[in-house]
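K.L.:
If it helps, the file is called model-v3.cif and holds mmCIF, C-alpha atoms:
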data_coords
#
loop_
_atom_site.group_PDB
_atom_site.id
_atom_site.type_symbol
_atom_site.label_atom_id
_atom_site.label_comp_id
_atom_site.auth_asym_id
_atom_site.auth_seq_id
_atom_site.Cartn_x
_atom_site.Cartn_y
_atom_site.Cartn_z
ATOM 1 C CA MET A 23 0.000 0.000 0.000
ATOM 2 C CA VAL A 24 1.448 3.296 -1.076
ATOM 3 C CA ASP A 25 0.188 6.801 -0.419
ATOM 4 C CA ILE A 26 0.283 10.279 -1.888
ATOM 5 C CA LEU A 27 0.993 12.916 0.762
ATOM 6 C CA HIS A 28 0.967 16.709 0.523
ATOM 7 C CA ARG A 29 0.956 19.771 2.765
ATOM 8 C CA VAL A 30 0.059 23.351 1.949
ATOM 9 C CA GLY A 31 -0.710 26.348 4.133
ATOM 10 C CA VAL A 32 -3.628 28.598 3.258
ATOM 11 C CA LEU A 33 -3.639 32.172 4.594
ATOM 12 C CA SER A 34 -7.176 31.994 5.963
ATOM 13 C CA SER A 35 -9.279 30.418 8.668
ATOM 14 C CA PRO A 36 -9.927 26.659 8.823
ATOM 15 C CA ASP A 37 -13.638 27.478 8.345
ATOM 16 C CA GLU A 38 -12.982 28.994 4.939
ATOM 17 C CA VAL A 39 -10.864 26.044 3.797
ATOM 18 C CA TYR A 40 -13.505 23.667 5.123
ATOM 19 C CA THR A 41 -16.146 25.463 3.068
ATOM 20 C CA ALA A 42 -14.015 25.058 -0.078
ATOM 21 C CA LEU A 43 -13.842 21.322 0.647
ATOM 22 C CA THR A 44 -17.464 20.695 1.595
ATOM 23 C CA THR A 45 -19.642 22.717 -0.744
ATOM 24 C CA VAL A 46 -20.281 21.991 -4.418
ATOM 25 C CA GLU A 47 -19.546 25.643 -5.207
ATOM 26 C CA GLY A 48 -16.271 25.559 -3.277
ATOM 27 C CA LEU A 49 -15.112 22.293 -4.848
ATOM 28 C CA ALA A 50 -16.006 23.593 -8.324
ATOM 29 C CA GLY A 51 -13.789 26.582 -7.651
ATOM 30 C CA TRP A 52 -10.532 24.667 -7.352
ATOM 31 C CA TRP A 53 -10.862 21.074 -8.589
ATOM 32 C CA THR A 54 -13.287 20.853 -11.475
ATOM 33 C CA GLU A 55 -16.039 23.198 -12.612
ATOM 34 C CA ASP A 56 -18.106 20.099 -13.396
ATOM 35 C CA THR A 57 -18.856 19.160 -9.772
ATOM 36 C CA GLN A 58 -22.261 17.937 -8.617
ATOM 37 C CA GLY A 59 -23.829 15.872 -5.866
ATOM 38 C CA ASP A 60 -24.362 15.870 -2.149
ATOM 39 C CA SER A 61 -21.536 16.953 0.142
ATOM 40 C CA ALA A 62 -23.122 15.778 3.396
ATOM 41 C CA VAL A 63 -21.827 12.652 5.147
ATOM 42 C CA GLY A 64 -23.158 9.653 3.242
ATOM 43 C CA GLY A 65 -23.663 11.722 0.113
ATOM 44 C CA ILE A 66 -21.877 11.163 -3.178
ATOM 45 C CA LEU A 67 -19.967 13.931 -4.939
ATOM 46 C CA GLN A 68 -19.514 13.638 -8.702
ATOM 47 C CA PHE A 69 -16.370 15.232 -10.111
ATOM 48 C CA ARG A 70 -16.041 15.205 -13.912
ATOM 49 C CA PHE A 71 -13.025 16.054 -16.085
ATOM 50 C CA LEU A 72 -12.534 15.924 -19.839
ATOM 51 C CA PRO A 73 -11.382 12.291 -19.894
ATOM 52 C CA GLY A 74 -13.693 10.997 -17.142
ATOM 53 C CA GLY A 75 -14.198 11.497 -13.462
ATOM 54 C CA PHE A 76 -14.579 10.334 -9.901
ATOM 55 C CA ASP A 77 -17.496 9.651 -7.578
ATOM 56 C CA MET A 78 -16.584 10.260 -3.952
ATOM 57 C CA THR A 79 -18.653 9.078 -1.003
ATOM 58 C CA VAL A 80 -18.285 11.536 1.857
ATOM 59 C CA VAL A 81 -17.461 9.337 4.846
ATOM 60 C CA GLU A 82 -16.420 11.962 7.380
ATOM 61 C CA SER A 83 -16.868 15.720 7.675
ATOM 62 C CA VAL A 84 -15.868 17.529 10.850
ATOM 63 C CA PRO A 85 -16.195 21.322 10.516
ATOM 64 C CA ALA A 86 -12.835 23.107 10.308
ATOM 65 C CA LYS A 87 -11.012 19.850 11.084
ATOM 66 C CA ARG A 88 -11.323 16.944 8.706
ATOM 67 C CA VAL A 89 -12.947 15.636 5.518
ATOM 68 C CA VAL A 90 -12.660 12.047 4.263
ATOM 69 C CA TRP A 91 -13.828 10.739 0.901
ATOM 70 C CA GLU A 92 -13.919 7.172 -0.347
ATOM 71 C CA VAL A 93 -13.651 6.737 -4.094
ATOM 72 C CA SER A 94 -16.778 4.820 -5.097
ATOM 73 C CA ASP A 95 -16.368 5.117 -8.872
ATOM 74 C CA GLY A 96 -13.664 6.209 -11.318
ATOM 75 C CA PRO A 97 -10.422 4.807 -12.690
ATOM 76 C CA GLU A 98 -9.776 1.267 -11.508
ATOM 77 C CA GLU A 99 -6.656 2.365 -9.602
ATOM 78 C CA TRP A 100 -8.697 4.870 -7.579
ATOM 79 C CA VAL A 101 -11.714 2.771 -6.608
ATOM 80 C CA GLY A 102 -11.567 1.884 -2.913
ATOM 81 C CA THR A 103 -8.837 4.404 -2.104
ATOM 82 C CA THR A 104 -9.476 7.215 0.377
ATOM 83 C CA VAL A 105 -8.759 10.924 0.228
ATOM 84 C CA THR A 106 -8.266 12.655 3.575
ATOM 85 C CA TRP A 107 -8.067 16.375 4.314
ATOM 86 C CA ASP A 108 -6.878 17.309 7.811
ATOM 87 C CA LEU A 109 -6.970 20.982 8.769
ATOM 88 C CA LYS A 110 -5.232 22.783 11.621
ATOM 89 C CA GLN A 111 -4.181 26.325 12.389
ATOM 90 C CA GLU A 112 -0.507 27.329 12.556
ATOM 91 C CA ASP A 113 0.685 30.947 12.599
ATOM 92 C CA ASP A 114 -1.577 32.810 10.150
ATOM 93 C CA TYR A 115 -2.115 29.679 8.072
ATOM 94 C CA THR A 116 -4.627 26.908 7.880
ATOM 95 C CA ILE A 117 -2.424 23.897 7.275
ATOM 96 C CA VAL A 118 -3.941 21.294 4.954
ATOM 97 C CA LEU A 119 -2.531 17.808 5.382
ATOM 98 C CA PHE A 120 -3.622 15.785 2.378
ATOM 99 C CA ALA A 121 -3.426 12.029 1.901
ATOM 100 C CA HIS A 122 -4.674 9.863 -0.961
ATOM 101 C CA GLU A 123 -4.183 6.443 0.555
ATOM 102 C CA GLY A 124 -4.668 2.817 -0.275
ATOM 103 C CA TRP A 125 -3.138 2.596 -3.756
ATOM 104 C CA ARG A 126 -2.512 -1.083 -4.403
ATOM 105 C CA GLU A 127 0.622 -0.474 -6.483
ATOM 106 C CA PRO A 128 2.938 2.467 -7.240
ATOM 107 C CA VAL A 129 1.913 2.574 -10.921
ATOM 108 C CA GLU A 130 2.982 5.447 -13.183
ATOM 109 C CA PHE A 131 -0.546 6.878 -12.967
ATOM 110 C CA MET A 132 0.078 7.369 -9.239
ATOM 111 C CA ASN A 133 3.126 9.560 -10.006
ATOM 112 C CA HIS A 134 0.889 11.621 -12.284
ATOM 113 C CA CYS A 135 -1.895 11.946 -9.723
ATOM 114 C CA SER A 136 0.574 12.972 -7.019
ATOM 115 C CA THR A 137 1.845 15.900 -9.092
ATOM 116 C CA LYS A 138 -1.686 16.853 -10.154
ATOM 117 C CA TRP A 139 -2.890 16.812 -6.538
ATOM 118 C CA ALA A 140 -0.051 19.193 -5.582
ATOM 119 C CA LEU A 141 -1.209 21.637 -8.243
ATOM 120 C CA PHE A 142 -4.860 21.276 -7.256
ATOM 121 C CA LEU A 143 -3.872 22.016 -3.648
ATOM 122 C CA MET A 144 -2.234 25.204 -4.909
ATOM 123 C CA SER A 145 -5.503 25.886 -6.750
ATOM 124 C CA LEU A 146 -7.433 25.414 -3.485
ATOM 125 C CA LYS A 147 -4.984 27.769 -1.758
ATOM 126 C CA ALA A 148 -5.433 30.382 -4.490
ATOM 127 C CA LEU A 149 -9.225 30.054 -4.426
ATOM 128 C CA VAL A 150 -9.459 30.638 -0.687
ATOM 129 C CA GLU A 151 -6.818 33.376 -0.589
ATOM 130 C CA THR A 152 -7.752 35.297 -3.722
ATOM 131 C CA GLY A 153 -11.199 34.087 -4.786
ATOM 132 C CA LYS A 154 -9.851 32.447 -7.944
ATOM 133 C CA GLY A 155 -8.593 28.882 -8.305
ATOM 134 C CA ALA A 156 -7.576 26.928 -11.398
ATOM 135 C CA PRO A 157 -10.149 24.125 -11.645
ATOM 136 C CA SER A 158 -10.574 21.830 -14.659
ATOM 137 C CA PRO A 159 -10.860 22.503 -17.575
ATOM 138 C CA ASP A 160 -8.471 25.406 -16.897
ATOM 139 C CA ASP A 161 -6.160 23.436 -14.619
ATOM 140 C CA VAL A 162 -2.385 23.524 -15.075
ATOM 141 C CA GLN A 163 -1.262 21.009 -17.690
ATOM 142 C CA ILE A 164 1.750 19.035 -16.513
ATOM 143 C CA SER A 165 2.311 16.469 -19.288
ATOM 144 C CA ASN A 166 0.828 14.513 -22.199
ATOM 145 C CA TRP A 167 -1.582 12.976 -19.680
ATOM 146 C CA HIS A 168 -2.770 16.503 -18.939
ATOM 147 C CA MET B 14 9.274 2.750 3.917
ATOM 148 C CA VAL B 15 7.268 5.392 2.149
ATOM 149 C CA ASP B 16 8.016 7.239 -1.064
ATOM 150 C CA ILE B 17 7.283 10.495 -2.820
ATOM 151 C CA LEU B 18 6.358 9.969 -6.480
ATOM 152 C CA HIS B 19 5.782 12.476 -9.274
ATOM 153 C CA ARG B 20 5.488 12.627 -13.053
ATOM 154 C CA VAL B 21 5.767 15.604 -15.383
ATOM 155 C CA GLY B 22 6.219 15.868 -19.135
ATOM 156 C CA VAL B 23 8.688 18.368 -20.539
ATOM 157 C CA LEU B 24 8.241 19.531 -24.142
ATOM 158 C CA SER B 25 11.864 18.911 -25.134
ATOM 159 C CA SER B 26 14.374 16.164 -25.764
ATOM 160 C CA PRO B 27 15.599 13.846 -22.995
ATOM 161 C CA ASP B 28 19.084 15.290 -23.595
ATOM 162 C CA GLU B 29 17.977 18.752 -22.589
ATOM 163 C CA VAL B 30 16.249 17.497 -19.444
ATOM 164 C CA TYR B 31 19.311 15.418 -18.608
ATOM 165 C CA THR B 32 21.489 18.535 -18.901
ATOM 166 C CA ALA B 33 19.221 20.380 -16.462
ATOM 167 C CA LEU B 34 19.686 17.503 -14.009
ATOM 168 C CA THR B 35 23.413 16.941 -14.389
ATOM 169 C CA THR B 36 25.076 20.345 -14.629
ATOM 170 C CA VAL B 37 25.533 22.834 -11.817
ATOM 171 C CA GLU B 38 24.206 25.575 -14.076
ATOM 172 C CA GLY B 39 21.139 23.516 -15.010
ATOM 173 C CA LEU B 40 20.383 22.551 -11.411
ATOM 174 C CA ALA B 41 20.796 26.182 -10.293
ATOM 175 C CA GLY B 42 18.200 27.150 -12.887
ATOM 176 C CA TRP B 43 15.311 25.260 -11.332
ATOM 177 C CA TRP B 44 16.100 24.052 -7.798
ATOM 178 C CA THR B 45 18.312 26.524 -5.998
ATOM 179 C CA GLU B 46 20.562 29.263 -7.289
ATOM 180 C CA ASP B 47 23.029 28.294 -4.557
ATOM 181 C CA THR B 48 24.184 25.023 -6.160
ATOM 182 C CA GLN B 49 27.804 23.907 -6.187
ATOM 183 C CA GLY B 50 29.874 20.750 -6.438
ATOM 184 C CA ASP B 51 30.673 17.938 -8.799
ATOM 185 C CA SER B 52 27.892 16.402 -10.871
ATOM 186 C CA ALA B 53 29.897 13.387 -12.128
ATOM 187 C CA VAL B 54 29.208 9.933 -10.711
ATOM 188 C CA GLY B 55 30.847 9.771 -7.282
ATOM 189 C CA GLY B 56 30.782 13.542 -6.970
ATOM 190 C CA ILE B 57 28.875 15.480 -4.338
ATOM 191 C CA LEU B 58 26.444 18.246 -5.222
ATOM 192 C CA GLN B 59 25.747 20.913 -2.596
ATOM 193 C CA PHE B 60 22.316 22.498 -2.717
ATOM 194 C CA ARG B 61 21.697 25.381 -0.283
ATOM 195 C CA PHE B 62 18.449 27.100 0.631
ATOM 196 C CA LEU B 63 17.708 29.847 3.123
ATOM 197 C CA PRO B 64 17.101 27.489 6.068
ATOM 198 C CA GLY B 65 19.778 24.922 5.151
ATOM 199 C CA GLY B 66 20.512 22.477 2.416
ATOM 200 C CA PHE B 67 21.312 19.049 1.054
ATOM 201 C CA ASP B 68 24.467 17.276 -0.077
ATOM 202 C CA MET B 69 23.759 14.688 -2.762
ATOM 203 C CA THR B 70 26.186 12.007 -3.847
ATOM 204 C CA VAL B 71 25.654 11.247 -7.525
ATOM 205 C CA VAL B 72 25.403 7.464 -7.642
ATOM 206 C CA GLU B 73 24.154 6.949 -11.178
ATOM 207 C CA SER B 74 24.052 9.088 -14.317
ATOM 208 C CA VAL B 75 23.010 7.581 -17.634
ATOM 209 C CA PRO B 76 22.733 10.210 -20.391
ATOM 210 C CA ALA B 77 19.131 10.951 -21.391
ATOM 211 C CA LYS B 78 17.886 8.064 -19.224
ATOM 212 C CA ARG B 79 18.457 8.185 -15.503
ATOM 213 C CA VAL B 80 20.036 10.095 -12.622
ATOM 214 C CA VAL B 81 20.218 8.820 -9.025
ATOM 215 C CA TRP B 82 21.322 10.809 -5.981
ATOM 216 C CA GLU B 83 21.869 9.603 -2.445
ATOM 217 C CA VAL B 84 21.400 12.186 0.278
ATOM 218 C CA SER B 85 24.700 12.267 2.161
ATOM 219 C CA ASP B 86 23.958 15.321 4.331
ATOM 220 C CA GLY B 87 20.965 17.482 5.193
ATOM 221 C CA PRO B 88 17.870 17.178 7.388
ATOM 222 C CA GLU B 89 17.868 13.990 9.448
ATOM 223 C CA GLU B 90 14.760 12.695 7.637
ATOM 224 C CA TRP B 91 16.547 12.975 4.265
ATOM 225 C CA VAL B 92 19.907 11.418 5.053
ATOM 226 C CA GLY B 93 20.173 7.976 3.434
ATOM 227 C CA THR B 94 17.158 8.475 1.182
ATOM 228 C CA THR B 95 17.539 8.383 -2.601
ATOM 229 C CA VAL B 96 16.242 10.670 -5.326
ATOM 230 C CA THR B 97 15.735 9.053 -8.741
ATOM 231 C CA TRP B 98 15.031 10.737 -12.064
ATOM 232 C CA ASP B 99 13.966 8.417 -14.897
ATOM 233 C CA LEU B 100 13.574 9.946 -18.353
ATOM 234 C CA LYS B 101 11.779 8.582 -21.405
ATOM 235 C CA GLN B 102 10.265 9.986 -24.559
ATOM 236 C CA GLU B 103 6.500 9.910 -25.167
ATOM 237 C CA ASP B 104 4.772 11.891 -27.904
ATOM 238 C CA ASP B 105 6.532 15.278 -27.964
ATOM 239 C CA TYR B 106 7.392 15.062 -24.298
ATOM 240 C CA THR B 107 10.278 13.899 -22.204
ATOM 241 C CA ILE B 108 8.523 12.180 -19.333
ATOM 242 C CA VAL B 109 10.251 12.618 -15.983
ATOM 243 C CA LEU B 110 9.422 9.924 -13.443
ATOM 244 C CA PHE B 111 10.597 11.189 -10.081
ATOM 245 C CA ALA B 112 10.949 9.215 -6.857
ATOM 246 C CA HIS B 113 12.287 10.287 -3.478
ATOM 247 C CA GLU B 114 12.451 6.951 -1.737
ATOM 248 C CA GLY B 115 13.436 5.445 1.573
ATOM 249 C CA TRP B 116 11.703 7.769 4.024
ATOM 250 C CA ARG B 117 11.608 5.911 7.325
ATOM 251 C CA GLU B 118 8.278 7.404 8.388
ATOM 252 C CA PRO B 119 5.490 9.443 6.752
ATOM 253 C CA VAL B 120 6.209 12.515 8.934
ATOM 254 C CA GLU B 121 4.543 15.858 8.213
ATOM 255 C CA PHE B 122 7.808 17.123 6.693
ATOM 256 C CA MET B 123 7.390 14.443 4.019
ATOM 257 C CA ASN B 124 4.006 15.899 3.042
ATOM 258 C CA HIS B 125 5.703 19.282 2.711
ATOM 259 C CA CYS B 126 8.583 17.923 0.634
ATOM 260 C CA SER B 127 6.199 16.076 -1.677
ATOM 261 C CA THR B 128 4.336 19.281 -2.536
ATOM 262 C CA LYS B 129 7.593 21.247 -2.873
ATOM 263 C CA TRP B 130 9.058 18.597 -5.212
ATOM 264 C CA ALA B 131 5.964 18.879 -7.437
ATOM 265 C CA LEU B 132 6.511 22.630 -7.744
ATOM 266 C CA PHE B 133 10.256 22.205 -8.360
ATOM 267 C CA LEU B 134 9.428 19.713 -11.118
ATOM 268 C CA MET B 135 7.232 22.395 -12.674
ATOM 269 C CA SER B 136 10.211 24.749 -12.290
ATOM 270 C CA LEU B 137 12.426 22.225 -14.112
ATOM 271 C CA LYS B 138 9.787 21.953 -16.851
ATOM 272 C CA ALA B 139 9.619 25.757 -17.183
ATOM 273 C CA LEU B 140 13.405 26.084 -17.257
ATOM 274 C CA VAL B 141 13.822 23.583 -20.075
ATOM 275 C CA GLU B 142 10.799 24.779 -22.053
ATOM 276 C CA THR B 143 11.186 28.536 -21.639
ATOM 277 C CA GLY B 144 14.690 29.154 -20.291
ATOM 278 C CA LYS B 145 13.380 30.374 -16.940
ATOM 279 C CA GLY B 146 12.657 28.270 -13.865
ATOM 280 C CA ALA B 147 11.733 29.308 -10.325
ATOM 281 C CA PRO B 148 14.683 28.181 -8.193
ATOM 282 C CA SER B 149 15.227 29.158 -4.553
ATOM 283 C CA PRO B 150 15.203 31.885 -3.261
ATOM 284 C CA ASP B 151 12.446 32.774 -5.748
ATOM 285 C CA ASP B 152 10.642 29.445 -5.494
ATOM 286 C CA VAL B 153 6.882 29.249 -4.990
ATOM 287 C CA GLN B 154 5.957 29.558 -1.321
ATOM 288 C CA ILE B 155 3.393 26.967 -0.318
ATOM 289 C CA SER B 156 3.024 27.457 3.467
ATOM 290 C CA ASN B 157 4.578 28.750 6.700
ATOM 291 C CA TRP B 158 7.390 26.219 6.113
ATOM 292 C CA HIS B 159 8.079 28.000 2.844
#
Any chance you could give the structure as structure tokens?

P.N.:
Amino acid sequence: MVDILHRVGVLSSPDEVYTALTTVEGLAGWWTEDTQGDSAVGGILQFRFLPGGFDMTVVESVPAKRVVWEVSDGPEEWVGTTVTWDLKQEDDYTIVLFAHEGWREPVEFMNHCSTKWALFLMSLKALVETGKGAPSPDDVQISNWH
Amino acid sequence: MVDILHRVGVLSSPDEVYTALTTVEGLAGWWTEDTQGDSAVGGILQFRFLPGGFDMTVVESVPAKRVVWEVSDGPEEWVGTTVTWDLKQEDDYTIVLFAHEGWREPVEFMNHCSTKWALFLMSLKALVETGKGAPSPDDVQISNWH
């Protein structure tokens, strides 16, 4: 089992970051404009990109603290993995500790997703700090795999 | 043992990417301006940042294919880990498969380094594609840890 791990600091309150992670409008502002679904615990969020997408079941949501998604549909490598967002305050920052855990193998697609997640975290940071993220389809292209 | 994995595609030849990874001038163009040392196999490269730095022993260097560093000095969590750069051509891109392997524990500093590596890979990509990267001290700040 191998994991993707990231950490960014957002110059804002944990409440604001939590809102960007738990509302369809917030999620559409930094990950993909084509976001739909129910962001409450037990709900399913549907994220769509040009080549396909992900359905996430919201399994945990603790205001200003923690959000956990389980991938219920999407690329084979993603199904059954979990995405965890832990928030805490440090100095003037809300620190986001990100983990996409439970990959069965360190396939090349995992390398790609790790780099993409880093850039989407920077998009989340920009959204909360400035009001403008870089969600799909205007996300930063990193390679031939987009 | 936990690893950091990334993948970017650089619109250039593997030779050009290899040069950016194996010359002091190239390395100074995307990672840190304060780069010195010997980039031949067996040599030690000294990378310095504002809070400190890393000494890397070059353990493998195969033109246009692969570069491997072993961390011989730096933060405790880094010493003994290895950094591997695998290059291959795909479409118009040189694909860079990056791995920073051998972390003893998934400490919070590893999350930070994973996100920073992603942004330094984008800096490498920018350097080779446009002639201008974003090396330290002008690297992208991601949090209170810089």

K.L.:
Please identify every residue of chain A that has at least one atom no more than 6 Å from any atom of chain B, counting all atoms listed in the file, and report them as a compact mmCIF listing (two decimals) with C-alpha atoms, in the coordinates of the input.

P.N.:
# COMPACT_ATOMS: atom_id res chain seq x y z
CA LEU A 27 0.99 12.92 0.76
CA HIS A 28 0.97 16.71 0.52
CA ARG A 29 0.96 19.77 2.76
CA VAL A 30 0.06 23.35 1.95
CA GLY A 31 -0.71 26.35 4.13
CA ASN A 133 3.13 9.56 -10.01
CA HIS A 134 0.89 11.62 -12.28
CA SER A 136 0.57 12.97 -7.02
CA THR A 137 1.84 15.90 -9.09
CA ALA A 140 -0.05 19.19 -5.58
CA ILE A 164 1.75 19.04 -16.51
CA SER A 165 2.31 16.47 -19.29

K.L.:
Hey, what's within 6 Å of region 84-95 of chain A if we count only C-alpha atoms and toss same-chain stuff fewer than 2 positions away? As a ChimeraX atom specification, please?

P.N.:
/A:36-37,40,76-82,101-109

K.L.:
Go ahead and write the selection's residues with C-alpha atoms as a short mmCIF file (atom, residue, chain, number, x, y, z; two decimals), in the frame of the given file.

P.N.:
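Okay, part35.cif is ready:
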data_model
loop_
_atom_site.label_atom_id
_atom_site.label_comp_id
_atom_site.auth_asym_id
_atom_site.auth_seq_id
_atom_site.Cartn_x
_atom_site.Cartn_y
_atom_site.Cartn_z
CA PRO A 36 -9.93 26.66 8.82
CA ASP A 37 -13.64 27.48 8.35
CA TYR A 40 -13.50 23.67 5.12
CA PHE A 76 -14.58 10.33 -9.90
CA ASP A 77 -17.50 9.65 -7.58
CA MET A 78 -16.58 10.26 -3.95
CA THR A 79 -18.65 9.08 -1.00
CA VAL A 80 -18.28 11.54 1.86
CA VAL A 81 -17.46 9.34 4.85
CA GLU A 82 -16.42 11.96 7.38
CA VAL A 101 -11.71 2.77 -6.61
CA GLY A 102 -11.57 1.88 -2.91
CA THR A 103 -8.84 4.40 -2.10
CA THR A 104 -9.48 7.22 0.38
CA VAL A 105 -8.76 10.92 0.23
CA THR A 106 -8.27 12.66 3.58
CA TRP A 107 -8.07 16.38 4.31
CA ASP A 108 -6.88 17.31 7.81
CA LEU A 109 -6.97 20.98 8.77
#

K.L.:
Residues within 10 Å of Leu63 (chain B), please, as a PDB file with C-alpha atoms, in the coordinates of the input. Count all atoms listed in the file; anything in the same chain fewer than 4 positions from it doesn't count.

P.N.:
ATOM      1  CA  THR B  45      18.312  26.524  -5.998  1.00  0.00           C
ATOM      2  CA  ASP B  47      23.029  28.294  -4.557  1.00  0.00           C
ATOM      3  CA  SER B 149      15.227  29.158  -4.553  1.00  0.00           C
ATOM      4  CA  PRO B 150      15.203  31.885  -3.261  1.00  0.00           C
ATOM      5  CA  HIS B 159       8.079  28.000   2.844  1.00  0.00           C
TER       6      HIS B 159
END

K.L.:
Could you tell me how far CA of Leu40 (chain B) lies from CA of Ser52 (chain B), in Å and to one decimal?

P.N.:
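These two atoms are separated by 9.7 Å.
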
K.L.:
CA of Gly74 (chain A) to CA of Gly96 (chain A): how many Å, to one decimal?

P.N.:
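According to the coordinates, CA of Gly74 (chain A) and CA of Gly96 (chain A) are separated by 7.5 Å.
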
K.L.:
Do you have the CA of Thr45 (chain A)-CA of Gln111 (chain A) distance handy?

P.N.:
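CA of Gln111 (chain A) lies 20.6 Å from CA of Thr45 (chain A).
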
K.L.:
Using the chain letters and numbers from the file, give me the residues hit by the PyMOL selection byres ((chain B and resi 53) around 8), as an MDAnalysis selection string.

P.N.:
chainID B and resid 35 51:52 54:56 71 74
